[in-house]
Protein chains: 2
Amino acid sequence: MLIDDLHTVLPDDRIVRDPDVLRSYAHDEAEWAPYGEPAVLVRPRTADEVQAIVRQCLKHGTPVVPRGAGTGLSGGANALGGCVVLATDRMTAVKEIDPVERLAVVEPGVVNDDLRAACAEHGLWYPPDPASSPWSTIGGNVATNAGGVCCVKYGVTRDYVLGLQIVTGTGELVRLGRRTAKGVAGYDLAGLMVGSEGTLGVITEITVRLRAKRAPEATVAGYFDSTVAAGEAAAAIRAAGIVPSALELVDRHCLAAVDAWKNMGLSADANVVLLGRSDVPGGQEAAVMVECFEKAGATWAAQSTDEAEADALFAARRLAYPALERLGPVLTEDVCVPTHLVPEMLARIDLAAQRHNTQIANIAHIGDGNLHPLLITPSGDDDAQRRAQAAFDDIVADALELGGTVTGEHGVGLLKRPGLEKELGPAVLDLHRAVKNALDPHGILNPGKVVGGPVQR
Amino acid sequence: MLIDDLHTVLPDDRIVRDPDVLRSYAHDEAEWAPYGEPAVLVRPRTADEVQAIVRQCLKHGTPVVPRGAGTGLSGGANALGGCVVLATDRMTAVKEIDPVERLAVVEPGVVNDDLRAACAEHGLWYPPDPASSPWSTIGGNVATNAGGVCCVKYGVTRDYVLGLQIVTGTGELVRLGRRTAKGVAGYDLAGLMVGSEGTLGVITEITVRLRAKRAPEATVAGYFDSTVAAGEAAAAIRAAGIVPSALELVDRHCLAAVDAWKNMGLSADANVVLLGRSDVPGGQEAAVMVECFEKAGATWAAQSTDEAEADALFAARRLAYPALERLGPVLTEDVCVPTHLVPEMLARIDLAAQRHNTQIANIAHIGDGNLHPLLITPSGDDDAQRRAQAAFDDIVADALELGGTVTGEHGVGLLKRPGLEKELGPAVLDLHRAVKNALDPHGILNPGKVVGGPVQR
């Protein structure tokens, strides 16, 4: 028995069979994505324990589904029936912060905000800032190549991963990548692991590059009558040679939901809100952004360096998600299109919502073209669910038609497998399967996610 | 016959058999690296022609060695006896520059400086700036993940590649990656191709991200009595939170060679020269860098924003390589170590030079820890060659002992295969071979480079 064998290689407290706990570890936060009942949950404390678990899974031919905090939005961490769920949430050591080389070495279960706080003590900064940063782990961030608000200027998790320690699909514990600033020794297998959602290896340690702490951000906000005008404002900012440290859009459906909850009167004043940030010292850049907003026809625009005031400006975005969740379970979509096509994509999303009688609100990282349509479906309404699925499929098709991708930062998991097949086509899928088979020859690493195995719907 | 078959799929002018031309295309600029005599050189003009060539090579089981301008320094483009050399040097179209999305689409044979010039016309900037930029091609830059002087602030080629079109090891013409700012749809196979030296696919088109044109750079220079003092200056710059747009070191052996040629009196004034650049507007950062130089004990330090004066300051670096070449063939080494260990590494290189009675001068990207020991060996002196090889091996071993890598930016090719095996170890090499076999199942893509096949010495 696998579980007996796990007991021979792990201390008992690493092995969890309580059905209530198992259930809570059986899926991530993706609405709609299917999941099965795991045979067991393991919560290792060391890389050697992870290796021992993977070796037992190999011996028994049992799939292992690695997970961090389970804040994913695509079903990438969802359990398969009878699998081993391997949670890294007890591997929480920040092993090293090196202010001279500007790098940190952490275990995969370190929470994003905890790493950021530890870096701040050394005057350093770890930029990737997914909305889940108070809960999500660096291991999960790496496995999904998490993005966030500051990506538009500072890039995604991939851009910060220097090296990884992983357990391979054949049960070896190895180091990939490096600690040096540069290096081209062999294939970029560390980079290949980033975003591979636990299908090519189980991450046991991560070396990330850091930046020097930056200047405090100034915040700007603008109200617009239309998404087209907001798109023109974003284009004007780019044309001015400015790369803001955040540039977010909140659409009228979000504003209405926030008003319905908090009665802030946002939806009376604006059809769409743009929120920007600048971390270039001196405030000039923020002033130019306000000018760009005004030239593009903003009905109101302002800037603030005061934290409370900035927080109030960002309230429309911060409150959008909880405001929508009051209306029903929210599926967060994640298409990414060329930045100048964001208004067109938003128009198509509105059409999909009308066509399929589905409620869809939008927040968008307009600075990098990454939209998050938020599909609200009342619980237990099968017909609404079917209509929402049709709208979801239309959104994915529209994004591809506009030269975009089915997932900007949330990953493929289960939800985007059909979209991925459309986006990549058979020849590139074959390359994916070849890589998957090469690195996971026994097919035990999170099977059925990203590629491999039948697409579940 | 392969050549007859090539004639059936290509216009005649793509196929070259002139022995003199073949010889000039048979190797890159790596001293010491072995090469064989190719059966034929092909110079395709389109992606379809590249595909047709690879398919003929598959049919005949003939290795294909892709190359750009052949400016590589590790033997990655060196021919195997009887192979097809596929030069992309006629695929020179800049297909698209999109100032809104800040990206360019180019054929692989576009010369780095030509792309930079084309971008500049749109107020845009393609940062990667290998020393070979007047001659080397973007395809070659991508295949080797080329670096350069500005990496310390702006990263390497890998950081700018959004998407690729390639011909696979099974002869499919496919697109990898994307055009959007973000995307996590499937494994990062575009990233995997970068730096894979033509062993996993033949690049036929490249989509790169661009930056807005930056402010003119200020240049600073400092003279130091020792590499330790220069290292302290570099550390002080980092501690000040500054990321210079260049930070270069030139050692006393280079200065002496420049003096022997140009009689500039550099070696009388300095034991080691540091050269830095700042592209932050206002000049304050450059002033802080000069302060850091002075605090670390610079015997002389100055800054300039005047181009001619800046060029004079950089003369020590610019002239070092040609000055050394006057003394004999120069092998450019490429180890990379943690930045604070650059002085230690330079001391070890001096010891290796003494131990093996070999002349070694150093230029170094001290800002990112990437050193270029330049080993000078008189032509035709077999004993000197053996001693230089022993020094080379010691340098590689020392870099690994200091936690570094055998290649910071030049790639593995042939020269670094023994070092790569030491750096990666058997389990990680197995992963490399598994990936190589998965993507090049018939072993025709540049066999024997990076991994696969016996190590040649």
# chains A, B, ... in the order shown; residues from 1 in each chain; ligands from 1
$ closest_atom_pairs --of "chain A" --to "chain B" --cutoff "6 Å" --atoms "only C-alpha atoms" --output "CSV"
residue,atom,partner,partner_atom,distance
A:Thr180,CA,B:Pro338,CA,5.2
A:Ala181,CA,B:Asp368,CA,5.4
A:Lys182,CA,B:Gly408,CA,5.1
A:Gly183,CA,B:Gly408,CA,4.0
A:Val184,CA,B:Gly411,CA,5.5
A:Ala185,CA,B:Thr407,CA,5.6
A:Tyr187,CA,B:Ser196,CA,5.8
A:Asp188,CA,B:Leu192,CA,5.5
A:Leu192,CA,B:Asp188,CA,5.5
A:Ser196,CA,B:Tyr187,CA,5.8
A:Ala212,CA,B:Gly241,CA,5.6
A:Gly241,CA,B:Ala212,CA,5.6
A:Val337,CA,B:Thr180,CA,5.8
A:Pro338,CA,B:Thr180,CA,5.2
A:Asp368,CA,B:Ala181,CA,5.4
A:Thr407,CA,B:Ala185,CA,5.6
A:Gly408,CA,B:Gly183,CA,4.0
A:Glu409,CA,B:Val184,CA,5.8
A:Gly411,CA,B:Val184,CA,5.5
A:Ala434,CA,B:Ala438,CA,5.2
A:Ala438,CA,B:Ala434,CA,5.3
$ select_by_dssp --residues "region 203-304 of chain A" --states "alpha helix (DSSP H)" --output "VMD selection string"
chain A and resid 227 to 239 252 to 262 266 to 269 284 to 295
$ write_last_selection --atoms "N, CA, C and O atoms" --output "compact mmCIF listing (two decimals), in the first residue's frame"
# COMPACT_ATOMS: atom_id res chain seq x y z
N THR A 227 -14.64 53.01 -22.88
CA THR A 227 -13.39 52.23 -22.88
C THR A 227 -12.47 52.68 -24.01
O THR A 227 -11.25 52.60 -23.88
N VAL A 228 -13.06 53.18 -25.10
CA VAL A 228 -12.23 53.68 -26.19
C VAL A 228 -11.39 54.87 -25.72
O VAL A 228 -10.18 54.95 -25.98
N ALA A 229 -12.03 55.80 -24.99
CA ALA A 229 -11.29 56.95 -24.45
C ALA A 229 -10.21 56.48 -23.47
O ALA A 229 -9.08 56.99 -23.48
N ALA A 230 -10.55 55.49 -22.65
CA ALA A 230 -9.55 54.96 -21.70
C ALA A 230 -8.38 54.32 -22.46
O ALA A 230 -7.21 54.49 -22.08
N GLY A 231 -8.70 53.61 -23.54
CA GLY A 231 -7.65 53.03 -24.37
C GLY A 231 -6.76 54.09 -24.98
O GLY A 231 -5.54 53.92 -25.06
N GLU A 232 -7.37 55.22 -25.38
CA GLU A 232 -6.57 56.32 -25.93
C GLU A 232 -5.64 56.91 -24.87
O GLU A 232 -4.51 57.30 -25.17
N ALA A 233 -6.12 56.96 -23.64
CA ALA A 233 -5.27 57.46 -22.54
C ALA A 233 -4.07 56.54 -22.34
O ALA A 233 -2.94 56.99 -22.18
N ALA A 234 -4.33 55.22 -22.36
CA ALA A 234 -3.23 54.25 -22.19
C ALA A 234 -2.23 54.37 -23.33
O ALA A 234 -1.01 54.34 -23.12
N ALA A 235 -2.75 54.54 -24.56
CA ALA A 235 -1.87 54.69 -25.73
C ALA A 235 -1.04 55.96 -25.62
O ALA A 235 0.15 55.98 -25.97
N ALA A 236 -1.66 57.04 -25.12
CA ALA A 236 -0.94 58.31 -24.99
C ALA A 236 0.20 58.18 -23.98
O ALA A 236 1.29 58.75 -24.17
N ILE A 237 -0.04 57.41 -22.92
CA ILE A 237 1.02 57.19 -21.91
C ILE A 237 2.19 56.44 -22.54
O ILE A 237 3.35 56.81 -22.37
N ARG A 238 1.88 55.41 -23.32
CA ARG A 238 2.94 54.68 -24.02
C ARG A 238 3.68 55.59 -25.00
O ARG A 238 4.91 55.55 -25.09
N ALA A 239 2.90 56.38 -25.75
CA ALA A 239 3.51 57.26 -26.75
C ALA A 239 4.43 58.28 -26.09
O ALA A 239 5.40 58.73 -26.69
N ARG A 252 -17.57 49.56 -16.18
CA ARG A 252 -18.80 50.07 -15.58
C ARG A 252 -19.56 49.00 -14.79
O ARG A 252 -20.23 49.30 -13.83
N HIS A 253 -19.40 47.74 -15.20
CA HIS A 253 -20.07 46.67 -14.46
C HIS A 253 -19.48 46.52 -13.05
O HIS A 253 -20.21 46.29 -12.09
N CYS A 254 -18.16 46.67 -12.96
CA CYS A 254 -17.53 46.65 -11.63
C CYS A 254 -17.96 47.86 -10.81
O CYS A 254 -18.28 47.75 -9.62
N LEU A 255 -17.96 49.03 -11.47
CA LEU A 255 -18.33 50.26 -10.75
C LEU A 255 -19.76 50.13 -10.20
O LEU A 255 -20.03 50.51 -9.05
N ALA A 256 -20.64 49.58 -11.02
CA ALA A 256 -22.04 49.42 -10.58
C ALA A 256 -22.12 48.46 -9.40
O ALA A 256 -22.87 48.71 -8.43
N ALA A 257 -21.33 47.40 -9.44
CA ALA A 257 -21.36 46.42 -8.34
C ALA A 257 -20.82 47.04 -7.05
O ALA A 257 -21.35 46.80 -5.96
N VAL A 258 -19.75 47.84 -7.21
CA VAL A 258 -19.20 48.51 -6.02
C VAL A 258 -20.23 49.49 -5.45
O VAL A 258 -20.46 49.56 -4.24
N ASP A 259 -20.90 50.23 -6.33
CA ASP A 259 -21.93 51.18 -5.88
C ASP A 259 -23.09 50.46 -5.18
O ASP A 259 -23.60 50.94 -4.17
N ALA A 260 -23.48 49.32 -5.76
CA ALA A 260 -24.60 48.58 -5.18
C ALA A 260 -24.27 48.12 -3.76
O ALA A 260 -25.15 47.94 -2.93
N TRP A 261 -22.97 47.97 -3.50
CA TRP A 261 -22.53 47.50 -2.19
C TRP A 261 -22.18 48.67 -1.27
O TRP A 261 -22.67 48.77 -0.15
N LYS A 262 -21.37 49.60 -1.77
CA LYS A 262 -20.81 50.65 -0.93
C LYS A 262 -21.40 52.04 -1.19
O LYS A 262 -21.04 53.00 -0.52
N LEU A 266 -19.72 55.92 -7.85
CA LEU A 266 -18.73 55.84 -8.94
C LEU A 266 -19.40 55.75 -10.30
O LEU A 266 -18.99 56.42 -11.25
N SER A 267 -20.43 54.91 -10.40
CA SER A 267 -21.00 54.63 -11.71
C SER A 267 -21.79 55.83 -12.24
O SER A 267 -22.05 55.91 -13.45
N ALA A 268 -22.13 56.77 -11.40
CA ALA A 268 -22.75 58.00 -11.89
C ALA A 268 -21.71 58.90 -12.54
O ALA A 268 -22.00 59.62 -13.50
N ASP A 269 -20.47 58.85 -12.03
CA ASP A 269 -19.43 59.76 -12.52
C ASP A 269 -18.64 59.21 -13.70
O ASP A 269 -18.08 59.97 -14.48
N GLN A 284 6.98 63.95 -11.66
CA GLN A 284 6.73 64.45 -13.02
C GLN A 284 5.98 63.46 -13.88
O GLN A 284 5.09 63.82 -14.64
N GLU A 285 6.37 62.18 -13.75
CA GLU A 285 5.77 61.16 -14.57
C GLU A 285 4.27 61.05 -14.28
O GLU A 285 3.45 60.93 -15.20
N ALA A 286 3.92 61.10 -13.00
CA ALA A 286 2.50 61.04 -12.62
C ALA A 286 1.75 62.23 -13.22
O ALA A 286 0.62 62.09 -13.70
N ALA A 287 2.40 63.39 -13.22
CA ALA A 287 1.75 64.59 -13.79
C ALA A 287 1.50 64.38 -15.29
O ALA A 287 0.44 64.75 -15.81
N VAL A 288 2.48 63.80 -15.98
CA VAL A 288 2.29 63.54 -17.41
C VAL A 288 1.15 62.54 -17.63
O VAL A 288 0.35 62.68 -18.56
N MET A 289 1.05 61.55 -16.75
CA MET A 289 -0.04 60.58 -16.88
C MET A 289 -1.40 61.27 -16.73
O MET A 289 -2.34 60.98 -17.49
N VAL A 290 -1.50 62.17 -15.77
CA VAL A 290 -2.76 62.91 -15.62
C VAL A 290 -3.06 63.71 -16.89
O VAL A 290 -4.19 63.73 -17.39
N GLU A 291 -2.02 64.35 -17.43
CA GLU A 291 -2.19 65.08 -18.71
C GLU A 291 -2.71 64.15 -19.81
O GLU A 291 -3.59 64.53 -20.60
N CYS A 292 -2.12 62.96 -19.89
CA CYS A 292 -2.55 61.99 -20.91
C CYS A 292 -4.02 61.61 -20.70
O CYS A 292 -4.78 61.49 -21.67
N PHE A 293 -4.40 61.43 -19.45
CA PHE A 293 -5.80 61.14 -19.15
C PHE A 293 -6.69 62.27 -19.66
O PHE A 293 -7.71 62.05 -20.33
N GLU A 294 -6.29 63.51 -19.35
CA GLU A 294 -7.13 64.66 -19.71
C GLU A 294 -7.23 64.84 -21.22
O GLU A 294 -8.31 65.08 -21.76
N LYS A 295 -6.08 64.68 -21.90
CA LYS A 295 -6.10 64.83 -23.35
C LYS A 295 -6.98 63.79 -24.02
O LYS A 295 -7.55 64.02 -25.09
$ residues_around --residues "region 91-98 of chain A" --least-positions-apart "5" --cutoff "7 Å" --atoms "only C-alpha atoms" --output "list in words"
Arg45, Thr46, Leu103, Ala104, Val105, Val106, Glu107, Pro108, Gly109 and Val110 of chain A
$ write_last_selection --atoms "all heavy atoms" --output "PDB file, in the first residue's frame"
ATOM      1  N   ARG A  45       8.376  18.587   5.016  1.00  0.00           N
ATOM      2  CA  ARG A  45       9.098  19.739   5.561  1.00  0.00           C
ATOM      3  C   ARG A  45      10.464  19.956   4.914  1.00  0.00           C
ATOM      4  O   ARG A  45      11.096  20.979   5.144  1.00  0.00           O
ATOM      5  CB  ARG A  45       9.280  19.571   7.072  1.00  0.00           C
ATOM      6  CG  ARG A  45       7.985  19.725   7.846  1.00  0.00           C
ATOM      7  CD  ARG A  45       8.261  19.802   9.348  1.00  0.00           C
ATOM      8  NE  ARG A  45       7.038  19.960  10.108  1.00  0.00           N
ATOM      9  CZ  ARG A  45       6.470  21.145  10.392  1.00  0.00           C
ATOM     10  NH1 ARG A  45       7.012  22.270   9.960  1.00  0.00           N
ATOM     11  NH2 ARG A  45       5.354  21.196  11.096  1.00  0.00           N
ATOM     12  N   THR A  46      10.928  18.981   4.147  1.00  0.00           N
ATOM     13  CA  THR A  46      12.259  19.113   3.536  1.00  0.00           C
ATOM     14  C   THR A  46      12.236  18.610   2.092  1.00  0.00           C
ATOM     15  O   THR A  46      11.341  17.854   1.692  1.00  0.00           O
ATOM     16  CB  THR A  46      13.313  18.263   4.294  1.00  0.00           C
ATOM     17  OG1 THR A  46      13.009  16.879   4.069  1.00  0.00           O
ATOM     18  CG2 THR A  46      13.313  18.550   5.786  1.00  0.00           C
ATOM     19  N   LEU A 103      19.883  38.618  -4.165  1.00  0.00           N
ATOM     20  CA  LEU A 103      19.098  37.419  -4.412  1.00  0.00           C
ATOM     21  C   LEU A 103      18.596  36.858  -3.091  1.00  0.00           C
ATOM     22  O   LEU A 103      19.118  37.176  -2.019  1.00  0.00           O
ATOM     23  CB  LEU A 103      19.913  36.378  -5.189  1.00  0.00           C
ATOM     24  CG  LEU A 103      21.213  35.836  -4.596  1.00  0.00           C
ATOM     25  CD1 LEU A 103      20.934  34.711  -3.588  1.00  0.00           C
ATOM     26  CD2 LEU A 103      22.097  35.279  -5.708  1.00  0.00           C
ATOM     27  N   ALA A 104      17.557  36.036  -3.193  1.00  0.00           N
ATOM     28  CA  ALA A 104      17.024  35.330  -2.033  1.00  0.00           C
ATOM     29  C   ALA A 104      16.866  33.862  -2.386  1.00  0.00           C
ATOM     30  O   ALA A 104      16.588  33.519  -3.527  1.00  0.00           O
ATOM     31  CB  ALA A 104      15.682  35.922  -1.610  1.00  0.00           C
ATOM     32  N   VAL A 105      17.057  33.016  -1.385  1.00  0.00           N
ATOM     33  CA  VAL A 105      16.837  31.579  -1.535  1.00  0.00           C
ATOM     34  C   VAL A 105      15.733  31.192  -0.558  1.00  0.00           C
ATOM     35  O   VAL A 105      15.867  31.437   0.643  1.00  0.00           O
ATOM     36  CB  VAL A 105      18.124  30.780  -1.253  1.00  0.00           C
ATOM     37  CG1 VAL A 105      17.874  29.286  -1.459  1.00  0.00           C
ATOM     38  CG2 VAL A 105      19.269  31.267  -2.123  1.00  0.00           C
ATOM     39  N   VAL A 106      14.662  30.631  -1.090  1.00  0.00           N
ATOM     40  CA  VAL A 106      13.503  30.340  -0.236  1.00  0.00           C
ATOM     41  C   VAL A 106      12.967  28.943  -0.504  1.00  0.00           C
ATOM     42  O   VAL A 106      13.134  28.384  -1.586  1.00  0.00           O
ATOM     43  CB  VAL A 106      12.350  31.365  -0.457  1.00  0.00           C
ATOM     44  CG1 VAL A 106      12.829  32.773  -0.210  1.00  0.00           C
ATOM     45  CG2 VAL A 106      11.742  31.228  -1.852  1.00  0.00           C
ATOM     46  N   GLU A 107      12.288  28.417   0.501  1.00  0.00           N
ATOM     47  CA  GLU A 107      11.526  27.191   0.294  1.00  0.00           C
ATOM     48  C   GLU A 107      10.211  27.541  -0.407  1.00  0.00           C
ATOM     49  O   GLU A 107       9.752  28.691  -0.351  1.00  0.00           O
ATOM     50  CB  GLU A 107      11.283  26.502   1.642  1.00  0.00           C
ATOM     51  CG  GLU A 107      12.569  25.914   2.228  1.00  0.00           C
ATOM     52  CD  GLU A 107      12.352  25.127   3.510  1.00  0.00           C
ATOM     53  OE1 GLU A 107      11.351  25.383   4.218  1.00  0.00           O
ATOM     54  OE2 GLU A 107      13.187  24.266   3.807  1.00  0.00           O
ATOM     55  N   PRO A 108       9.602  26.553  -1.063  1.00  0.00           N
ATOM     56  CA  PRO A 108       8.450  26.884  -1.909  1.00  0.00           C
ATOM     57  C   PRO A 108       7.223  27.379  -1.155  1.00  0.00           C
ATOM     58  O   PRO A 108       6.391  28.079  -1.728  1.00  0.00           O
ATOM     59  CB  PRO A 108       8.148  25.560  -2.626  1.00  0.00           C
ATOM     60  CG  PRO A 108       8.799  24.504  -1.819  1.00  0.00           C
ATOM     61  CD  PRO A 108       9.995  25.137  -1.183  1.00  0.00           C
ATOM     62  N   GLY A 109       7.114  27.032   0.154  1.00  0.00           N
ATOM     63  CA  GLY A 109       5.914  27.418   0.889  1.00  0.00           C
ATOM     64  C   GLY A 109       5.944  28.825   1.462  1.00  0.00           C
ATOM     65  O   GLY A 109       4.993  29.238   2.138  1.00  0.00           O
ATOM     66  N   VAL A 110       7.011  29.582   1.184  1.00  0.00           N
ATOM     67  CA  VAL A 110       7.072  30.965   1.680  1.00  0.00           C
ATOM     68  C   VAL A 110       5.988  31.790   0.992  1.00  0.00           C
ATOM     69  O   VAL A 110       5.867  31.772  -0.238  1.00  0.00           O
ATOM     70  CB  VAL A 110       8.461  31.570   1.417  1.00  0.00           C
ATOM     71  CG1 VAL A 110       8.466  33.061   1.734  1.00  0.00           C
ATOM     72  CG2 VAL A 110       9.520  30.835   2.223  1.00  0.00           C
TER      73      VAL A 110
END
$ select_by_dssp --residues "region 149-193 of chain A" --states "strand (DSSP E or B)" --output "ChimeraX atom specification"
/A:161-167,173-177
$ closest_residue --among "B:Leu374, B:Val40, B:Leu80, B:Ala364" --to "Ala388 (chain B)" --atoms "only C-alpha atoms"
B:Leu374
$ residues_around --residues "Arg318 (chain B)" --least-positions-apart "4" --cutoff "12 Å" --atoms "only C-alpha atoms" --output "ChimeraX atom specification"
/B:131,149,248-250,254-255,258,275,310-314,322-324,363
$ write_last_selection --atoms "all heavy atoms" --output "compact mmCIF listing (two decimals), in the first residue's frame"
# COMPACT_ATOMS: atom_id res chain seq x y z
N ALA B 131 29.41 42.62 -28.03
CA ALA B 131 30.51 43.34 -28.69
C ALA B 131 30.49 43.11 -30.20
O ALA B 131 30.98 43.92 -30.97
CB ALA B 131 31.85 42.90 -28.10
N VAL B 149 27.24 44.74 -22.85
CA VAL B 149 27.63 45.68 -21.81
C VAL B 149 26.42 46.17 -21.00
O VAL B 149 26.52 46.42 -19.81
CB VAL B 149 28.39 46.86 -22.47
CG1 VAL B 149 28.44 48.07 -21.55
CG2 VAL B 149 29.80 46.43 -22.84
N GLU B 248 32.28 48.17 -16.34
CA GLU B 248 33.29 47.33 -16.96
C GLU B 248 34.63 47.49 -16.26
O GLU B 248 34.97 48.57 -15.79
CB GLU B 248 33.45 47.74 -18.43
CG GLU B 248 32.18 47.62 -19.24
CD GLU B 248 31.77 46.17 -19.44
OE1 GLU B 248 32.63 45.38 -19.88
OE2 GLU B 248 30.62 45.82 -19.13
N LEU B 249 35.37 46.41 -16.25
CA LEU B 249 36.71 46.43 -15.67
C LEU B 249 37.74 46.06 -16.75
O LEU B 249 37.49 45.17 -17.57
CB LEU B 249 36.78 45.42 -14.51
CG LEU B 249 38.13 45.17 -13.83
CD1 LEU B 249 37.90 44.82 -12.36
CD2 LEU B 249 38.93 44.05 -14.51
N VAL B 250 38.86 46.77 -16.74
CA VAL B 250 39.97 46.45 -17.64
C VAL B 250 41.21 46.27 -16.78
O VAL B 250 41.54 47.16 -15.99
CB VAL B 250 40.20 47.59 -18.66
CG1 VAL B 250 41.27 47.20 -19.67
CG2 VAL B 250 38.91 47.96 -19.37
N CYS B 254 45.68 44.15 -19.90
CA CYS B 254 45.09 44.85 -21.05
C CYS B 254 45.69 46.24 -21.20
O CYS B 254 46.02 46.67 -22.32
CB CYS B 254 43.57 44.98 -20.88
SG CYS B 254 42.66 43.45 -21.10
N LEU B 255 45.81 46.94 -20.07
CA LEU B 255 46.35 48.31 -20.14
C LEU B 255 47.75 48.29 -20.73
O LEU B 255 48.10 49.14 -21.57
CB LEU B 255 46.36 48.95 -18.74
CG LEU B 255 45.00 49.08 -18.06
CD1 LEU B 255 45.16 49.64 -16.64
CD2 LEU B 255 44.05 49.95 -18.87
N VAL B 258 47.55 47.76 -24.46
CA VAL B 258 47.12 48.98 -25.15
C VAL B 258 48.28 49.97 -25.21
O VAL B 258 48.54 50.58 -26.26
CB VAL B 258 45.89 49.60 -24.46
CG1 VAL B 258 45.56 50.97 -25.05
CG2 VAL B 258 44.68 48.66 -24.58
N LEU B 275 35.08 51.35 -15.80
CA LEU B 275 34.33 52.23 -16.69
C LEU B 275 32.85 52.00 -16.43
O LEU B 275 32.39 50.86 -16.42
CB LEU B 275 34.65 51.89 -18.14
CG LEU B 275 36.13 52.02 -18.50
CD1 LEU B 275 36.44 51.26 -19.77
CD2 LEU B 275 36.50 53.49 -18.63
N ALA B 310 33.77 60.68 -23.69
CA ALA B 310 33.36 59.38 -23.19
C ALA B 310 34.05 58.27 -23.95
O ALA B 310 34.51 57.27 -23.37
CB ALA B 310 31.84 59.23 -23.29
N ASP B 311 34.15 58.46 -25.26
CA ASP B 311 34.80 57.46 -26.09
C ASP B 311 36.27 57.33 -25.69
O ASP B 311 36.81 56.21 -25.65
CB ASP B 311 34.68 57.86 -27.56
CG ASP B 311 35.11 56.72 -28.48
OD1 ASP B 311 34.55 55.62 -28.35
OD2 ASP B 311 36.02 56.94 -29.30
N ALA B 312 36.90 58.44 -25.37
CA ALA B 312 38.30 58.40 -24.92
C ALA B 312 38.41 57.63 -23.61
O ALA B 312 39.34 56.84 -23.41
CB ALA B 312 38.84 59.81 -24.78
N LEU B 313 37.44 57.86 -22.71
CA LEU B 313 37.46 57.13 -21.43
C LEU B 313 37.32 55.63 -21.67
O LEU B 313 37.96 54.82 -21.00
CB LEU B 313 36.33 57.61 -20.51
CG LEU B 313 36.42 59.04 -19.96
CD1 LEU B 313 35.21 59.35 -19.09
CD2 LEU B 313 37.71 59.24 -19.17
N PHE B 314 36.46 55.26 -22.62
CA PHE B 314 36.25 53.83 -22.89
C PHE B 314 37.35 53.24 -23.78
O PHE B 314 37.32 52.05 -24.09
CB PHE B 314 34.86 53.60 -23.54
CG PHE B 314 33.84 53.04 -22.56
CD1 PHE B 314 33.30 53.84 -21.57
CD2 PHE B 314 33.43 51.72 -22.62
CE1 PHE B 314 32.38 53.33 -20.66
CE2 PHE B 314 32.50 51.19 -21.72
CZ PHE B 314 31.98 52.01 -20.73
N PRO B 322 41.87 44.32 -29.70
CA PRO B 322 42.82 44.39 -30.83
C PRO B 322 44.27 44.51 -30.37
O PRO B 322 45.17 43.96 -31.03
CB PRO B 322 42.36 45.63 -31.61
CG PRO B 322 41.43 46.37 -30.72
CD PRO B 322 40.85 45.37 -29.77
N ALA B 323 44.50 45.16 -29.26
CA ALA B 323 45.88 45.28 -28.76
C ALA B 323 46.44 43.91 -28.41
O ALA B 323 47.61 43.60 -28.68
CB ALA B 323 45.93 46.20 -27.54
N LEU B 324 45.58 43.06 -27.82
CA LEU B 324 46.03 41.71 -27.44
C LEU B 324 46.20 40.82 -28.66
O LEU B 324 47.10 39.98 -28.71
CB LEU B 324 45.03 41.09 -26.46
CG LEU B 324 44.99 41.77 -25.08
CD1 LEU B 324 43.72 41.40 -24.34
CD2 LEU B 324 46.23 41.42 -24.27
N ILE B 363 39.23 41.50 -19.43
CA ILE B 363 38.16 42.49 -19.34
C ILE B 363 37.00 41.78 -18.64
O ILE B 363 36.88 40.56 -18.71
CB ILE B 363 37.72 43.04 -20.72
CG1 ILE B 363 37.47 41.92 -21.72
CG2 ILE B 363 38.75 44.01 -21.27
CD1 ILE B 363 37.00 42.40 -23.08
$ residues_around --residues "Asp393 (chain B)" --least-positions-apart "4" --cutoff "12 Å" --atoms "only C-alpha atoms" --output "list in words"
Glu333, Val335, Ile349, Ala352, Ala353, His356, Leu375, Arg386, Arg387, Ala388, Gln389, Ala397, Asp398, Ala399, Leu400, Val406, Leu415, Lys416, Arg417, Pro418, Gly419, Leu420, Lys422 and Arg457 of chain B
$ closest_residue --among "B:Leu22, B:Ala270, B:Ala218, B:Leu331" --to "Pro244 (chain B)" --atoms "only C-alpha atoms"
B:Ala218
$ atom_distance --atom1 "CA of Ala384 (chain A)" --atom2 "CA of Val342 (chain A)"
26.3 Å
$ closest_residue --among "A:Asp383, A:Asp5, A:Glu31, A:Asp113" --to "Tyr126 (chain A)" --atoms "only C-alpha atoms"
A:Asp113
